[in-house]
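Enquirer: A single structure is presented below for examination.
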Amino acid sequence: MLSAPTNLGDPSSFLPTGLPDGGSVQTNETTTVQPEMHPPETKSLRRESIATMNSPPNAGMNFGVSGADVYKSVVRPYDYREGFHYLVKYVKERMEKNDIMRICRALAQFRPSFMAQIMNLSEDDLIFMEKCFQRTLMEFDKLIGFSGTPTVLWRRTGEIALVGKEFSILTQWSREELLSKRTYIYELMDNGSAVDYWEKFSLIAFDNSQQSVMTTCTLLSPTGRPVPCAFCFTIKRDIFDVPLAVVGNFLPLFRAL
């Protein structure tokens with residue numbers, strides 16, 4: 001059995017580095033999380049340099065294939081490290097110290113639960129998780145087509161994997177723009193909304209009594225125009241109870257005249 005958590009997206013390695021004035025983040029645990037990121041240790045070079053056939057940014061978006069094709073095509077676990085590392089880079093470049101610290105605390109809050117859930121999973125388990133994700137995309141693509149609600153589906157890292165046409169109408173972001181490269185949902189939000197999302201996500205990521213959160217956010221169009229929205233996101237968990245996908249629904253908020 002291979003040890004999976006650290007080299008396939010363990011939140012332990014994506015706490016921000018280079019915070020203004022240095023410092024550390026105090027969590028509810030007895031330890032203090034230092035805001036430093038070190039490359040995770042791996043047990044083999046193969047695991048360190050995972051390059052999967054199902055890891056391009058628009059992976060899983062070929063919905064002309066059948067479920068059987070999905071199961072055959074996914075042969076290795078999805079590597080979540082790039083998404084978490086990009087989050088570190090993004091917050092360091094775009095946010096103030098206080099916002100960085102808030103995100104850092106949010107990530108540290110669900111790390112213990114994440115570790116406990118996946119530490120004993122085998123590589124076959126992780127492959128199965130990715131197969132489930134790809135199959136989920138196929139089903140939600142059909143569902144979103146009938147819903148008429150601006151909808152986006154993303155991975156637990158925030159990486160967008162599915163975009164409904166209504167969301168493109170709402171924000172002016174085309175599906176091609178968002179899926180032709182790795183794009184993260186928090187990149188489409190203003191800083192305050194991005195911080196609020198991660199804080200709320202951390203509260204319910206491993207809370208089986210709650211799957212959805214209703215709140216508000218401000219999306220940004222390609223030109224930077226703010227789009228105030230009512231926002232609901234729902235976490236879909238896999239059979240191992242690990243957050244597999246997040247489904248976000250957005251409705252525009254109109255100012256009273």
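Lettering and numbering for the structure tokens are positional, with chains as A, B, ... in the shown order, residues counted from 1 in each chain, and ligands counted from 1 in the shown order.
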Give the alpha helix (DSSP H) residues of stretch 30-220 of chain A, as assigned by DSSP on the backbone, as an NGL selection string.

Expert: :A and (45-48 or 67-73 or 81-94 or 97-118 or 123-147 or 165-171 or 175-179 or 191-204)

Enquirer: Do you know which residues are at most 7 Å from A:Gly83 counting only C-alpha atoms, after dropping those on the same chain fewer than 3 positions away, and could you put them as a ChimeraX atom specification?

Expert: /A:80,86-87,157,159

Enquirer: Could you pull out the residues in stretch 45-213 of chain A that DSSP calls strand (DSSP E) from the backbone, as a list in words?

Expert: Thr151, Val152, Leu153, Trp154, Ile160, Ala161, Leu162, Val163, Ser212 and Val213 of chain A

Enquirer: Kindly export the residues of the current selection with all heavy atoms, as an mmCIF file, in the first residue's frame.

Expert:
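Once everything was written out, this is again.cif:
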data_model
loop_
_atom_site.group_PDB
_atom_site.id
_atom_site.type_symbol
_atom_site.label_atom_id
_atom_site.label_comp_id
_atom_site.auth_asym_id
_atom_site.auth_seq_id
_atom_site.Cartn_x
_atom_site.Cartn_y
_atom_site.Cartn_z
ATOM 1 N N THR A 151 -24.079 27.843 -13.329
ATOM 2 C CA THR A 151 -23.477 26.787 -12.514
ATOM 3 C C THR A 151 -22.049 26.512 -12.949
ATOM 4 O O THR A 151 -21.732 26.528 -14.141
ATOM 5 C CB THR A 151 -24.293 25.481 -12.620
ATOM 6 O OG1 THR A 151 -25.642 25.746 -12.230
ATOM 7 C CG2 THR A 151 -23.724 24.390 -11.727
ATOM 8 N N VAL A 152 -21.195 26.252 -11.955
ATOM 9 C CA VAL A 152 -19.808 25.853 -12.197
ATOM 10 C C VAL A 152 -19.505 24.684 -11.270
ATOM 11 O O VAL A 152 -19.982 24.638 -10.139
ATOM 12 C CB VAL A 152 -18.815 27.004 -11.927
ATOM 13 C CG1 VAL A 152 -17.374 26.568 -12.215
ATOM 14 C CG2 VAL A 152 -19.164 28.225 -12.756
ATOM 15 N N LEU A 153 -18.714 23.749 -11.743
ATOM 16 C CA LEU A 153 -18.252 22.644 -10.899
ATOM 17 C C LEU A 153 -16.739 22.687 -10.856
ATOM 18 O O LEU A 153 -16.091 22.842 -11.891
ATOM 19 C CB LEU A 153 -18.751 21.303 -11.453
ATOM 20 C CG LEU A 153 -18.423 20.051 -10.620
ATOM 21 C CD1 LEU A 153 -19.554 19.010 -10.753
ATOM 22 C CD2 LEU A 153 -17.102 19.414 -11.055
ATOM 23 N N TRP A 154 -16.182 22.566 -9.652
ATOM 24 C CA TRP A 154 -14.729 22.611 -9.524
ATOM 25 C C TRP A 154 -14.237 21.557 -8.543
ATOM 26 O O TRP A 154 -14.999 20.992 -7.763
ATOM 27 C CB TRP A 154 -14.260 24.001 -9.099
ATOM 28 C CG TRP A 154 -14.828 24.548 -7.815
ATOM 29 C CD1 TRP A 154 -14.347 24.380 -6.544
ATOM 30 C CD2 TRP A 154 -15.981 25.403 -7.668
ATOM 31 N NE1 TRP A 154 -15.105 25.062 -5.628
ATOM 32 C CE2 TRP A 154 -16.125 25.693 -6.281
ATOM 33 C CE3 TRP A 154 -16.893 25.943 -8.581
ATOM 34 C CZ2 TRP A 154 -17.144 26.497 -5.798
ATOM 35 C CZ3 TRP A 154 -17.915 26.736 -8.080
ATOM 36 C CH2 TRP A 154 -18.032 27.017 -6.717
ATOM 37 N N ILE A 160 -11.534 24.761 -11.896
ATOM 38 C CA ILE A 160 -12.801 24.641 -12.610
ATOM 39 C C ILE A 160 -12.743 23.487 -13.607
ATOM 40 O O ILE A 160 -11.790 23.360 -14.379
ATOM 41 C CB ILE A 160 -13.138 25.956 -13.329
ATOM 42 C CG1 ILE A 160 -13.375 27.067 -12.296
ATOM 43 C CG2 ILE A 160 -14.353 25.795 -14.224
ATOM 44 C CD1 ILE A 160 -13.587 28.442 -12.902
ATOM 45 N N ALA A 161 -13.786 22.644 -13.582
ATOM 46 C CA ALA A 161 -13.833 21.489 -14.464
ATOM 47 C C ALA A 161 -15.062 21.473 -15.359
ATOM 48 O O ALA A 161 -15.096 20.756 -16.358
ATOM 49 C CB ALA A 161 -13.789 20.193 -13.644
ATOM 50 N N LEU A 162 -16.076 22.254 -15.012
ATOM 51 C CA LEU A 162 -17.317 22.268 -15.787
ATOM 52 C C LEU A 162 -17.969 23.628 -15.659
ATOM 53 O O LEU A 162 -18.046 24.184 -14.554
ATOM 54 C CB LEU A 162 -18.261 21.177 -15.267
ATOM 55 C CG LEU A 162 -19.607 21.009 -15.964
ATOM 56 C CD1 LEU A 162 -19.408 20.624 -17.422
ATOM 57 C CD2 LEU A 162 -20.442 19.956 -15.257
ATOM 58 N N VAL A 163 -18.429 24.174 -16.787
ATOM 59 C CA VAL A 163 -19.027 25.509 -16.805
ATOM 60 C C VAL A 163 -20.333 25.454 -17.591
ATOM 61 O O VAL A 163 -20.362 24.976 -18.728
ATOM 62 C CB VAL A 163 -18.084 26.542 -17.461
ATOM 63 C CG1 VAL A 163 -18.736 27.925 -17.480
ATOM 64 C CG2 VAL A 163 -16.754 26.588 -16.732
ATOM 65 N N SER A 212 -24.032 22.095 2.103
ATOM 66 C CA SER A 212 -24.218 23.304 1.302
ATOM 67 C C SER A 212 -24.102 24.562 2.151
ATOM 68 O O SER A 212 -24.384 24.543 3.356
ATOM 69 C CB SER A 212 -25.586 23.290 0.612
ATOM 70 O OG SER A 212 -25.715 22.176 -0.242
ATOM 71 N N VAL A 213 -23.708 25.631 1.498
ATOM 72 C CA VAL A 213 -23.619 26.953 2.123
ATOM 73 C C VAL A 213 -24.261 27.960 1.180
ATOM 74 O O VAL A 213 -23.997 27.955 -0.023
ATOM 75 C CB VAL A 213 -22.156 27.361 2.390
ATOM 76 C CG1 VAL A 213 -22.079 28.823 2.823
ATOM 77 C CG2 VAL A 213 -21.540 26.474 3.456
#

Enquirer: Have a look at atom CA of A:Cys232 and atom CA of A:Pro252 and let me know their distance in Å, one decimal.

Expert: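 Atom-to-atom, atom CA of A:Cys232 to atom CA of A:Pro252, that is 11.9 Å.
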
Enquirer: Have a look at A:Ser209, A:Thr234, A:Ser168, A:Ser73 and name the one nearest to A:Arg155; count only C-alpha atoms.

Expert: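 Closest residue, counting only C-alpha atoms: A:Thr234.
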
Enquirer: So that I can check the surroundings of A:Ala230, please list as number ranges by chain every protein, DNA and RNA residue that reaches within 8 Å of it, counting only C-alpha atoms and ignoring chain neighbours fewer than 6 positions away.

Expert: A: 214-217, 250-253

Enquirer: By how many Å are atom CA of A:Asn191 and atom CA of A:Arg156 apart?

Expert: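 Atom CA of A:Arg156 lies at a distance of 18.4 Å from atom CA of A:Asn191.
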
Enquirer: How many Å separate atom CA of A:Ser180 from atom CA of A:Arg225?

Expert: 21.9 Å

Enquirer: From the list A:Lys131, A:Gln172, A:Phe233, A:Thr223, which residue is nearest A:Ile204 when using only C-alpha atoms?

Expert: A:Phe233

Enquirer: What's the 9 Å shell around A:Lys165, counting only C-alpha atoms, without same-chain residues fewer than 3 positions away, as a list in words?

Expert: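 Once the nearby chain positions are removed, what remains is Ile144, Gly145, Gly148, Thr149, Pro150, Thr151, Ser168, Ile169, Leu170, Ser174 and Arg175 of chain A.
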
Enquirer: My list of candidates is A:Leu203, A:Val227, A:Val247, A:Leu137. Which is closest to A:Ala108 when distances are computed with only C-alpha atoms?

Expert: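 Nearest candidate to A:Ala108 out of A:Leu203, A:Val227, A:Val247, A:Leu137: A:Leu203.
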
Enquirer: For A:Met189, find every residue with an atom within 7 Å (counting only C-alpha atoms), except residues of its own chain fewer than 2 positions away, and show them as a ChimeraX atom specification.

Expert: /A:186-187,191,193-194,218-220
